[in-house]
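File shown here: input.json, holding JSON, C-alpha atoms and all ligand atoms.
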```
[["chain", "number", "residue", "atom", "x", "y", "z"],
["A", 632, "MET", "CA", 35.20, 33.93, 58.62],
["A", 633, "LYS", "CA", 37.58, 32.14, 56.37],
["A", 634, "SER", "CA", 41.28, 32.01, 57.04],
["A", 635, "ALA", "CA", 44.05, 29.56, 56.37],
["A", 636, "ASP", "CA", 43.51, 28.02, 59.78],
["A", 637, "SER", "CA", 39.75, 27.75, 60.07],
["A", 638, "LEU", "CA", 36.63, 27.48, 57.98],
["A", 639, "GLU", "CA", 33.22, 28.38, 59.34],
["A", 640, "LEU", "CA", 30.44, 26.02, 58.22],
["A", 641, "ALA", "CA", 26.68, 26.02, 58.73],
["A", 642, "HIS", "CA", 25.10, 24.84, 62.01],
["A", 643, "ASN", "CA", 27.67, 26.72, 64.12],
["A", 644, "ILE", "CA", 30.43, 24.31, 63.23],
["A", 645, "THR", "CA", 33.97, 25.38, 62.39],
["A", 646, "THR", "CA", 36.75, 23.29, 60.90],
["A", 647, "ILE", "CA", 40.06, 24.28, 62.50],
["A", 648, "ASP", "CA", 43.33, 23.23, 60.91],
["A", 649, "THR", "CA", 45.47, 21.79, 63.72],
["A", 650, "GLY", "CA", 48.65, 22.30, 61.69],
["A", 651, "TYR", "CA", 49.72, 18.68, 62.04],
["A", 652, "CYS", "CA", 52.01, 17.62, 59.16],
["A", 653, "ARG", "CA", 50.65, 19.93, 56.44],
["A", 654, "PRO", "CA", 47.79, 22.34, 55.81],
["A", 655, "GLY", "CA", 44.45, 20.62, 55.23],
["A", 656, "PHE", "CA", 45.51, 17.33, 56.78],
["A", 657, "ASP", "CA", 44.29, 17.22, 60.38],
["A", 658, "ALA", "CA", 41.19, 19.00, 61.68],
["A", 659, "SER", "CA", 39.60, 19.88, 64.96],
["A", 660, "HIS", "CA", 35.90, 20.73, 64.84],
["A", 661, "LEU", "CA", 34.35, 23.38, 67.02],
["A", 662, "ILE", "CA", 30.62, 23.16, 67.77],
["A", 663, "VAL", "CA", 28.95, 26.17, 69.36],
["A", 664, "GLU", "CA", 25.50, 26.09, 70.88],
["A", 665, "GLY", "CA", 24.48, 29.39, 72.48],
["A", 666, "SER", "CA", 26.91, 30.06, 75.29],
["A", 667, "GLN", "CA", 28.57, 26.66, 75.23],
["A", 668, "ALA", "CA", 31.13, 25.07, 72.96],
["A", 669, "ALA", "CA", 32.67, 21.66, 72.33],
["A", 670, "LEU", "CA", 35.70, 20.55, 70.36],
["A", 671, "VAL", "CA", 35.86, 17.27, 68.46],
["A", 672, "ASP", "CA", 39.44, 16.00, 68.04],
["A", 673, "VAL", "CA", 42.16, 18.46, 68.89],
["A", 674, "GLY", "CA", 45.35, 17.54, 67.07],
["A", 675, "THR", "CA", 48.58, 17.52, 69.03],
["A", 676, "SER", "CA", 50.07, 19.59, 71.82],
["A", 677, "HIS", "CA", 51.46, 21.88, 69.11],
["A", 678, "SER", "CA", 47.86, 22.60, 68.01],
["A", 679, "VAL", "CA", 46.79, 24.18, 71.31],
["A", 680, "VAL", "CA", 47.86, 27.68, 70.31],
["A", 681, "ARG", "CA", 45.87, 27.53, 67.06],
["A", 682, "ILE", "CA", 42.72, 26.28, 68.76],
["A", 683, "LEU", "CA", 42.91, 28.91, 71.49],
["A", 684, "LYS", "CA", 43.41, 31.56, 68.82],
["A", 685, "VAL", "CA", 40.23, 30.51, 66.99],
["A", 686, "LEU", "CA", 38.28, 30.61, 70.27],
["A", 687, "GLN", "CA", 39.61, 34.10, 70.94],
["A", 688, "ASP", "CA", 38.83, 35.32, 67.41],
["A", 689, "LYS", "CA", 35.26, 34.06, 67.79],
["A", 690, "GLY", "CA", 34.83, 35.64, 71.20],
["A", 691, "ILE", "CA", 34.33, 32.30, 72.93],
["A", 692, "ALA", "CA", 35.53, 32.41, 76.52],
["A", 693, "ARG", "CA", 37.74, 29.50, 77.52],
["A", 694, "GLN", "CA", 35.42, 28.55, 80.36],
["A", 695, "ASP", "CA", 32.55, 28.19, 77.88],
["A", 696, "VAL", "CA", 34.19, 25.19, 76.25],
["A", 697, "ARG", "CA", 32.44, 22.36, 78.08],
["A", 698, "TYR", "CA", 33.68, 19.31, 76.23],
["A", 699, "VAL", "CA", 36.81, 18.14, 74.51],
["A", 700, "MET", "CA", 35.69, 15.06, 72.59],
["A", 701, "VAL", "CA", 38.32, 12.76, 71.12],
["A", 702, "THR", "CA", 36.97, 10.24, 68.63],
["A", 703, "HIS", "CA", 39.85, 7.91, 69.49],
["A", 704, "VAL", "CA", 43.21, 8.16, 71.20],
["A", 705, "HIS", "CA", 45.57, 8.20, 68.21],
["A", 706, "LEU", "CA", 47.89, 11.13, 68.78],
["A", 707, "ASP", "CA", 46.83, 13.21, 65.77],
["A", 708, "HIS", "CA", 43.33, 13.30, 67.30],
["A", 709, "ALA", "CA", 43.91, 13.22, 71.03],
["A", 710, "GLY", "CA", 47.60, 13.97, 71.62],
["A", 711, "GLY", "CA", 46.89, 17.60, 72.46],
["A", 712, "ALA", "CA", 43.88, 17.00, 74.72],
["A", 713, "GLY", "CA", 45.75, 17.13, 78.03],
["A", 714, "ALA", "CA", 47.67, 20.27, 77.11],
["A", 715, "LEU", "CA", 44.51, 21.95, 75.80],
["A", 716, "LEU", "CA", 42.48, 21.07, 78.90],
["A", 717, "GLN", "CA", 44.98, 23.03, 80.99],
["A", 718, "HIS", "CA", 43.57, 26.15, 79.28],
["A", 719, "LEU", "CA", 39.87, 25.16, 79.41],
["A", 720, "PRO", "CA", 38.92, 25.15, 83.10],
["A", 721, "GLU", "CA", 35.31, 23.93, 82.68],
["A", 722, "ALA", "CA", 35.88, 21.33, 79.98],
["A", 723, "GLN", "CA", 35.58, 17.61, 80.43],
["A", 724, "LEU", "CA", 37.24, 15.06, 78.20],
["A", 725, "VAL", "CA", 34.84, 12.67, 76.45],
["A", 726, "VAL", "CA", 36.62, 9.51, 75.37],
["A", 727, "HIS", "CA", 35.83, 5.89, 74.52],
["A", 728, "PRO", "CA", 36.07, 3.61, 77.59],
["A", 729, "ARG", "CA", 38.94, 1.71, 75.95],
["A", 730, "GLY", "CA", 40.82, 4.95, 75.37],
["A", 731, "ALA", "CA", 40.20, 6.59, 78.75],
["A", 732, "PRO", "CA", 43.03, 4.84, 80.67],
["A", 733, "HIS", "CA", 45.54, 6.01, 78.05],
["A", 734, "MET", "CA", 44.50, 9.64, 78.37],
["A", 735, "ILE", "CA", 44.88, 9.46, 82.16],
["A", 736, "ASP", "CA", 48.23, 7.71, 81.87],
["A", 737, "PRO", "CA", 49.66, 8.30, 78.39],
["A", 738, "ALA", "CA", 52.83, 6.23, 79.01],
["A", 739, "ARG", "CA", 51.80, 3.51, 76.57],
["A", 740, "LEU", "CA", 50.74, 5.97, 73.86],
["A", 741, "ILE", "CA", 54.09, 7.72, 74.18],
["A", 742, "ALA", "CA", 56.07, 4.46, 74.18],
["A", 743, "GLY", "CA", 54.16, 3.15, 71.15],
["A", 744, "ALA", "CA", 54.65, 6.29, 69.08],
["A", 745, "THR", "CA", 58.27, 6.74, 70.17],
["A", 746, "ALA", "CA", 58.98, 3.19, 69.02],
["A", 747, "VAL", "CA", 57.60, 4.05, 65.58],
["A", 748, "TYR", "CA", 59.05, 7.53, 65.14],
["A", 749, "GLY", "CA", 62.07, 7.78, 67.44],
["A", 750, "GLU", "CA", 62.33, 10.36, 70.18],
["A", 751, "GLU", "CA", 63.40, 13.34, 68.11],
["A", 752, "ARG", "CA", 60.66, 12.95, 65.49],
["A", 753, "PHE", "CA", 58.09, 12.14, 68.18],
["A", 754, "ASN", "CA", 58.80, 15.46, 69.89],
["A", 755, "ARG", "CA", 58.61, 17.36, 66.64],
["A", 756, "LEU", "CA", 55.31, 15.72, 65.67],
["A", 757, "TYR", "CA", 53.54, 15.57, 69.02],
["A", 758, "GLY", "CA", 55.36, 17.54, 71.70],
["A", 759, "GLU", "CA", 54.66, 16.75, 75.33],
["A", 760, "ILE", "CA", 51.70, 14.47, 76.00],
["A", 761, "VAL", "CA", 50.02, 15.86, 79.13],
["A", 762, "PRO", "CA", 48.02, 13.39, 81.27],
["A", 763, "VAL", "CA", 44.35, 14.19, 81.96],
["A", 764, "ALA", "CA", 43.10, 14.07, 85.54],
["A", 765, "GLY", "CA", 40.71, 11.15, 86.01],
["A", 766, "GLU", "CA", 37.94, 13.35, 87.42],
["A", 767, "ARG", "CA", 37.80, 15.34, 84.18],
["A", 768, "VAL", "CA", 37.21, 12.23, 82.06],
["A", 769, "ILE", "CA", 33.79, 11.08, 80.85],
["A", 770, "GLU", "CA", 33.87, 7.55, 79.47],
["A", 771, "ALA", "CA", 31.57, 7.59, 76.46],
["A", 772, "ALA", "CA", 29.33, 4.54, 76.52],
["A", 773, "ASP", "CA", 27.72, 3.52, 73.23],
["A", 774, "GLN", "CA", 24.45, 5.42, 72.67],
["A", 775, "SER", "CA", 25.14, 7.89, 75.45],
["A", 776, "ALA", "CA", 24.57, 11.54, 74.66],
["A", 777, "VAL", "CA", 26.47, 14.68, 75.52],
["A", 778, "ASP", "CA", 24.19, 17.66, 76.15],
["A", 779, "LEU", "CA", 25.73, 20.83, 74.75],
["A", 780, "ASN", "CA", 23.35, 23.53, 75.96],
["A", 781, "GLY", "CA", 20.38, 21.48, 74.71],
["A", 782, "ARG", "CA", 22.07, 20.21, 71.56],
["A", 783, "SER", "CA", 22.35, 16.46, 71.79],
["A", 784, "LEU", "CA", 25.55, 14.81, 70.58],
["A", 785, "LEU", "CA", 25.04, 11.04, 70.39],
["A", 786, "LEU", "CA", 28.06, 8.80, 70.80],
["A", 787, "LEU", "CA", 28.32, 5.67, 68.68],
["A", 788, "ASP", "CA", 30.85, 2.94, 69.35],
["A", 789, "THR", "CA", 32.32, 2.43, 65.87],
["A", 790, "PRO", "CA", 35.30, 0.06, 65.68],
["A", 791, "GLY", "CA", 37.11, -0.79, 62.45],
["A", 792, "HIS", "CA", 39.86, 1.83, 62.45],
["A", 793, "ALA", "CA", 40.47, 1.40, 66.18],
["A", 794, "ARG", "CA", 38.63, -0.39, 68.96],
["A", 795, "HIS", "CA", 38.73, 2.80, 71.04],
["A", 796, "HIS", "CA", 36.77, 4.82, 68.46],
["A", 797, "TYR", "CA", 33.41, 6.52, 68.70],
["A", 798, "CYS", "CA", 31.61, 8.73, 66.18],
["A", 799, "ILE", "CA", 29.17, 11.51, 67.03],
["A", 800, "TRP", "CA", 25.72, 11.95, 65.52],
["A", 801, "ASP", "CA", 24.68, 15.60, 65.62],
["A", 802, "ALA", "CA", 20.97, 15.76, 64.73],
["A", 803, "ALA", "CA", 21.12, 19.59, 64.53],
["A", 804, "SER", "CA", 23.40, 19.45, 61.47],
["A", 805, "ARG", "CA", 22.29, 15.99, 60.36],
["A", 806, "GLY", "CA", 26.01, 15.35, 60.39],
["A", 807, "ILE", "CA", 28.40, 12.85, 61.91],
["A", 808, "PHE", "CA", 31.82, 13.60, 63.32],
["A", 809, "SER", "CA", 33.47, 10.49, 62.03],
["A", 810, "GLY", "CA", 37.07, 10.64, 63.27],
["A", 811, "ASP", "CA", 38.81, 8.06, 61.09],
["A", 812, "THR", "CA", 35.96, 5.52, 60.77],
["A", 813, "PHE", "CA", 34.58, 7.10, 57.59],
["A", 814, "GLY", "CA", 37.94, 7.29, 55.85],
["A", 815, "LEU", "CA", 40.15, 10.10, 54.60],
["A", 816, "SER", "CA", 39.11, 12.76, 52.12],
["A", 817, "TYR", "CA", 41.41, 15.64, 51.25],
["A", 818, "ARG", "CA", 40.04, 18.77, 49.69],
["A", 819, "GLU", "CA", 42.92, 18.81, 47.17],
["A", 820, "PHE", "CA", 41.19, 15.87, 45.47],
["A", 821, "ASP", "CA", 37.76, 17.47, 45.10],
["A", 822, "THR", "CA", 36.74, 17.49, 41.45],
["A", 823, "ARG", "CA", 33.53, 18.06, 39.48],
["A", 824, "ARG", "CA", 32.67, 14.52, 40.62],
["A", 825, "GLY", "CA", 32.77, 15.67, 44.23],
["A", 826, "PRO", "CA", 35.01, 14.51, 47.05],
["A", 827, "PHE", "CA", 37.35, 11.51, 46.82],
["A", 828, "ILE", "CA", 37.56, 9.17, 49.80],
["A", 829, "PHE", "CA", 39.49, 6.09, 50.87],
["A", 830, "PRO", "CA", 39.70, 4.02, 54.04],
["A", 831, "THR", "CA", 42.45, 4.25, 56.63],
["A", 832, "THR", "CA", 43.93, 0.93, 57.77],
["A", 833, "THR", "CA", 46.45, 2.44, 60.21],
["A", 834, "PRO", "CA", 48.11, 0.08, 62.75],
["A", 835, "VAL", "CA", 47.32, -1.73, 64.92],
["A", 836, "GLN", "CA", 43.58, -2.39, 65.16],
["A", 837, "PHE", "CA", 42.30, -2.24, 61.57],
["A", 838, "ASP", "CA", 39.37, -4.64, 61.32],
["A", 839, "PRO", "CA", 37.62, -4.69, 57.93],
["A", 840, "ILE", "CA", 34.51, -6.53, 59.11],
["A", 841, "ALA", "CA", 34.01, -4.04, 61.93],
["A", 842, "MET", "CA", 34.73, -1.12, 59.58],
["A", 843, "HIS", "CA", 32.05, -2.23, 57.11],
["A", 844, "ALA", "CA", 29.57, -2.61, 59.96],
["A", 845, "SER", "CA", 30.44, 0.78, 61.46],
["A", 846, "ILE", "CA", 30.01, 2.54, 58.10],
["A", 847, "ASP", "CA", 26.59, 0.92, 57.72],
["A", 848, "ARG", "CA", 25.69, 1.96, 61.24],
["A", 849, "LEU", "CA", 26.60, 5.57, 60.44],
["A", 850, "LEU", "CA", 24.52, 5.44, 57.26],
["A", 851, "SER", "CA", 21.51, 4.20, 59.22],
["A", 852, "PHE", "CA", 21.17, 7.76, 60.56],
["A", 853, "ASN", "CA", 20.78, 9.08, 56.99],
["A", 854, "PRO", "CA", 23.46, 11.70, 57.56],
["A", 855, "GLU", "CA", 23.60, 14.56, 55.09],
["A", 856, "ARG", "CA", 27.25, 15.25, 55.83],
["A", 857, "MET", "CA", 30.32, 13.89, 57.54],
["A", 858, "TYR", "CA", 32.89, 15.92, 59.43],
["A", 859, "LEU", "CA", 36.17, 14.12, 58.91],
["A", 860, "THR", "CA", 39.28, 14.74, 60.96],
["A", 861, "HIS", "CA", 41.21, 14.22, 57.70],
["A", 862, "TYR", "CA", 39.75, 16.57, 56.40],
["A", 863, "GLY", "CA", 36.65, 18.64, 56.95],
["A", 864, "CYS", "CA", 33.04, 18.43, 55.84],
["A", 865, "VAL", "CA", 31.92, 16.19, 52.96],
["A", 866, "GLU", "CA", 28.46, 15.56, 51.56],
["A", 867, "ASP", "CA", 27.27, 13.01, 48.98],
["A", 868, "VAL", "CA", 27.52, 10.49, 51.81],
["A", 869, "PRO", "CA", 25.95, 7.39, 50.17],
["A", 870, "ARG", "CA", 28.37, 7.53, 47.24],
["A", 871, "LEU", "CA", 31.32, 7.95, 49.57],
["A", 872, "ALA", "CA", 30.14, 5.04, 51.73],
["A", 873, "ALA", "CA", 29.94, 2.80, 48.68],
["A", 874, "GLN", "CA", 33.45, 3.84, 47.69],
["A", 875, "LEU", "CA", 34.73, 3.05, 51.18],
["A", 876, "HIS", "CA", 33.08, -0.38, 51.24],
["A", 877, "ARG", "CA", 34.58, -1.19, 47.87],
["A", 878, "MET", "CA", 38.06, 0.04, 48.73],
["A", 879, "ILE", "CA", 38.18, -1.77, 52.07],
["A", 880, "GLU", "CA", 37.85, -4.99, 50.09],
["A", 881, "VAL", "CA", 40.44, -3.86, 47.55],
["A", 882, "PHE", "CA", 42.92, -3.06, 50.32],
["A", 883, "VAL", "CA", 42.26, -6.34, 52.12],
["A", 884, "GLY", "CA", 42.85, -8.13, 48.80],
["A", 885, "LEU", "CA", 46.22, -6.40, 48.49],
["A", 886, "ALA", "CA", 47.17, -7.59, 51.97],
["A", 887, "ARG", "CA", 46.26, -11.16, 51.03],
["A", 888, "ASP", "CA", 48.16, -10.96, 47.72],
["A", 889, "ALA", "CA", 51.26, -9.59, 49.44],
["A", 890, "ALA", "CA", 51.22, -12.20, 52.22],
["A", 891, "ASP", "CA", 53.89, -14.39, 50.62],
["A", 892, "ARG", "CA", 56.27, -11.58, 49.70],
["A", 893, "GLY", "CA", 58.32, -12.04, 52.87],
["A", 894, "GLN", "CA", 60.81, -9.22, 53.44],
["A", 895, "ARG", "CA", 59.50, -7.35, 50.44],
["A", 896, "ARG", "CA", 55.92, -7.32, 51.64],
["A", 897, "HIS", "CA", 55.93, -3.76, 52.92],
["A", 898, "GLU", "CA", 57.43, -2.47, 49.69],
["A", 899, "ALA", "CA", 54.91, -4.48, 47.66],
["A", 900, "LEU", "CA", 52.00, -3.07, 49.68],
["A", 901, "VAL", "CA", 53.25, 0.51, 49.35],
["A", 902, "THR", "CA", 53.56, 0.14, 45.58],
["A", 903, "ALA", "CA", 50.17, -1.53, 45.23],
["A", 904, "LEU", "CA", 48.40, 1.07, 47.37],
["A", 905, "ARG", "CA", 50.05, 3.89, 45.47],
["A", 906, "ASP", "CA", 49.07, 2.44, 42.09],
["A", 907, "ILE", "CA", 45.48, 1.84, 43.14],
["A", 908, "LEU", "CA", 45.04, 5.32, 44.59],
["A", 909, "LEU", "CA", 46.63, 6.94, 41.52],
["A", 910, "ASN", "CA", 44.29, 4.97, 39.29],
["A", 911, "GLU", "CA", 41.21, 5.78, 41.38],
["A", 912, "LEU", "CA", 42.13, 9.46, 41.38],
["A", 913, "GLN", "CA", 42.53, 9.43, 37.63],
["A", 914, "LEU", "CA", 39.05, 7.91, 37.29],
["A", 915, "HIS", "CA", 37.88, 10.66, 39.64],
["A", 916, "ALA", "CA", 39.15, 13.22, 37.08],
["A", 917, "CYS", "CA", 41.84, 14.48, 39.44],
["A", 918, "ARG", "CA", 44.23, 16.69, 37.49],
["A", 919, "TRP", "CA", 47.14, 16.85, 39.94],
["A", 920, "PRO", "CA", 50.47, 15.58, 38.61],
["A", 921, "GLU", "CA", 51.35, 12.12, 39.87],
["A", 922, "GLN", "CA", 54.28, 13.37, 41.92],
["A", 923, "ARG", "CA", 52.08, 15.82, 43.80],
["A", 924, "ILE", "CA", 49.48, 13.14, 44.52],
["A", 925, "ILE", "CA", 52.17, 10.81, 45.82],
["A", 926, "GLU", "CA", 53.49, 13.58, 48.08],
["A", 927, "LEU", "CA", 50.05, 14.26, 49.50],
["A", 928, "LEU", "CA", 49.34, 10.58, 50.13],
["A", 929, "ALA", "CA", 52.80, 9.39, 51.18],
["A", 930, "MET", "CA", 52.12, 9.22, 54.90],
["A", 931, "ASP", "CA", 48.71, 7.55, 54.51],
["A", 932, "ILE", "CA", 50.12, 4.99, 52.09],
["A", 933, "GLU", "CA", 52.92, 4.18, 54.52],
["A", 934, "LEU", "CA", 50.55, 3.81, 57.49],
["A", 935, "ASN", "CA", 47.97, 1.85, 55.48],
["A", 936, "ALA", "CA", 50.68, -0.56, 54.31],
["A", 937, "GLN", "CA", 51.86, -1.11, 57.89],
["A", 938, "GLY", "CA", 48.32, -1.61, 59.17],
["A", 939, "LEU", "CA", 47.38, -4.04, 56.41],
["A", 940, "ALA", "CA", 50.47, -6.16, 57.14],
["A", 941, "ILE", "CA", 49.60, -6.27, 60.84],
["A", 942, "TRP", "CA", 46.03, -7.22, 60.02],
["A", 943, "ALA", "CA", 47.21, -9.99, 57.66],
["A", 944, "ASP", "CA", 49.55, -11.40, 60.34],
["A", 945, "LYS", "CA", 46.70, -11.49, 62.83],
["A", 946, "GLN", "CA", 44.55, -13.42, 60.34],
["A", 947, "ARG", "CA", 47.27, -16.00, 60.01],
["A", 948, "GLY", "CA", 47.49, -16.22, 63.80],
["A", 949, "ASP", "CA", 43.74, -16.71, 64.00],
["A", 950, "ASP", "CA", 43.87, -19.54, 61.49],
["A", 951, "ARG", "CA", 46.31, -21.57, 63.55],
["A", 952, "PRO", "CA", 44.69, -24.51, 65.32],
["B", 1, "ZN", "ZN", 43.37, 7.14, 63.93]]
```
Any chance you could put this one into structure tokens?
Amino acid sequence: MKSADSLELAHNITTIDTGYCRPGFDASHLIVEGSQAALVDVGTSHSVVRILKVLQDKGIARQDVRYVMVTHVHLDHAGGAGALLQHLPEAQLVVHPRGAPHMIDPARLIAGATAVYGEERFNRLYGEIVPVAGERVIEAADQSAVDLNGRSLLLLDTPGHARHHYCIWDAASRGIFSGDTFGLSYREFDTRRGPFIFPTTTPVQFDPIAMHASIDRLLSFNPERMYLTHYGCVEDVPRLAAQLHRMIEVFVGLARDAADRGQRRHEALVTALRDILLNELQLHACRWPEQRIIELLAMDIELNAQGLAIWADKQRGDDRP
């Protein structure tokens, strides 16, 4: 089945478009093993209807969804988990131990995002954040496995994008559900050279050293493919990993260069990120007009600029005696 909202892949995996922001931006992944199913990342509360619709279209009963797995608790991945769980009576929420308290009591997630977006925009983007009952929460320890009807899903603590982030090694597909640890890759930028990828440095826990290490840890499984939340399945993993390693250093260099720009730092970072990504995409033989590329990347550039500035400030703090 192929529709605007979902794409069926091999190994009983489906990419579902959560509808967040724009088509092809934010994915939920459905894994089916016999009579059981799991979802990896679920978008926002506004995504619930779409996910339930895909389950219905595939003839998957709601009680057969056993796990809702959120790679980390950023709202475009986990914001809809509580609302979705209200419709999935047998499902447990699998979440990183550092993220679990925020799913049970989302007050801080809501306050943080409301501070960034304002109340009106927050509601439009995320809707109501529904708390998850503590007894439905499984805290995912590093190296623990979720058993989906005999299919083992191995959880890997992978900081770098966020300290509350895990990735999932699925031996059955030789794939990894990478959340945001293995960067962002939009299908609009696929060319004859393959997919284009770049790291996300979103506030407030970007940590380049940890991100390099996490990428290497993922590669140690020799994955044949990655299932990205932003967006979908990519192969050619070693090349993409090399590109991520390289661009992490480029981005960190930008943050260092912009450190003395004072009030104009954010603007300087936005411009520098935009220019680098436009240049990289040109080298990648991307044929989209510049304006279209800038539209597609505007939100990521904005968030990356904010996250790099926060990272740079922390470095300065760390250097103080
Ligand atoms: Zn994130």
What lies within 7 Å of segment 825-828 of chain A using all atoms listed in the file, ignoring chain neighbours under 5 positions off, as number ranges by chain?
A: 814-816, 820, 865, 871, 875
Name all residues at most 12 Å from Leu640 of chain A (count only C-alpha atoms; drop same-chain ones fewer than 2 positions away) and give them as a PyMOL selection string.
chain A and resi 632-633+637-638+642-647+660-663+804+806+856+858+863-865
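Proximity ranking of A:Gly665, A:Pro654, A:Gly810, A:Gly938 relative to ligand ZN 1 (chain B) places A:Gly810 first, based on all atoms listed in the file.
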Distance query Leu904 of chain A at most 12 Å, all atoms listed in the file, self and fewer than 3 positions along chain excluded, as a ChimeraX atom specification
/A:829-832,878-879,881-886,889,897-901,907-911,925,928-937,939
Emit as AutoDock Vina command-line options the padded axis-aligned box for all listed atoms of segment 868-873 of chain A, 5 Å per side, with centre and edge lengths in Å to one decimal.
```
--center_x 28.6 --center_y 6.6 --center_z 49.5 --size_x 15.4 --size_y 17.7 --size_z 14.6
```
May I ask you to write as a ChimeraX atom specification all residues lying at most 7 Å from ligand ZN 1 (chain B), with all atoms listed in the file counted?
/A:703,705,792-793,811,833
Counting all atoms listed in the file, give me one row per residue of segment 689-781 of chain A with an atom at most 8 Å from an atom of segment 675-683 of chain A, showing the shortest contact pair and its distance in Å to one decimal, sorted by chain then residue number, as a tab-separated table.
```
residue	atom	partner	partner_atom	distance
A:Arg693	CA	A:Leu683	CA	8.0
A:Leu706	CA	A:Thr675	CA	6.4
A:Asp707	CA	A:Thr675	CA	5.7
A:His708	CA	A:Thr675	CA	7.0
A:Ala709	CA	A:Thr675	CA	6.7
A:Gly710	CA	A:Thr675	CA	4.5
A:Gly711	CA	A:Ser676	CA	3.8
A:Ala712	CA	A:Ser676	CA	7.3
A:Gly713	CA	A:Ser676	CA	8.0
A:Ala714	CA	A:Ser676	CA	5.8
A:Leu715	CA	A:Val679	CA	5.5
A:Leu756	CA	A:Thr675	CA	7.7
A:Tyr757	CA	A:Thr675	CA	5.3
A:Gly758	CA	A:Ser676	CA	5.7
A:Glu759	CA	A:Ser676	CA	6.4
A:Ile760	CA	A:Ser676	CA	6.8
```
Quick one: pull the distance between atom CA of Asp867 of chain A and atom CA of Glu926 of chain A, Å, one decimal.
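It comes out at 26.2 Å.
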In Å, rounded to a single decimal, give me how far atom CA of Ala873 of chain A is from atom CA of His843 of chain A.
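Taking atom CA of His843 of chain A and atom CA of Ala873 of chain A, their separation equals 10.0 Å.
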Report the distance between atom CA of Asp773 of chain A and atom CA of Leu786 of chain A in Å, rounded to one decimal place.
5.8 Å
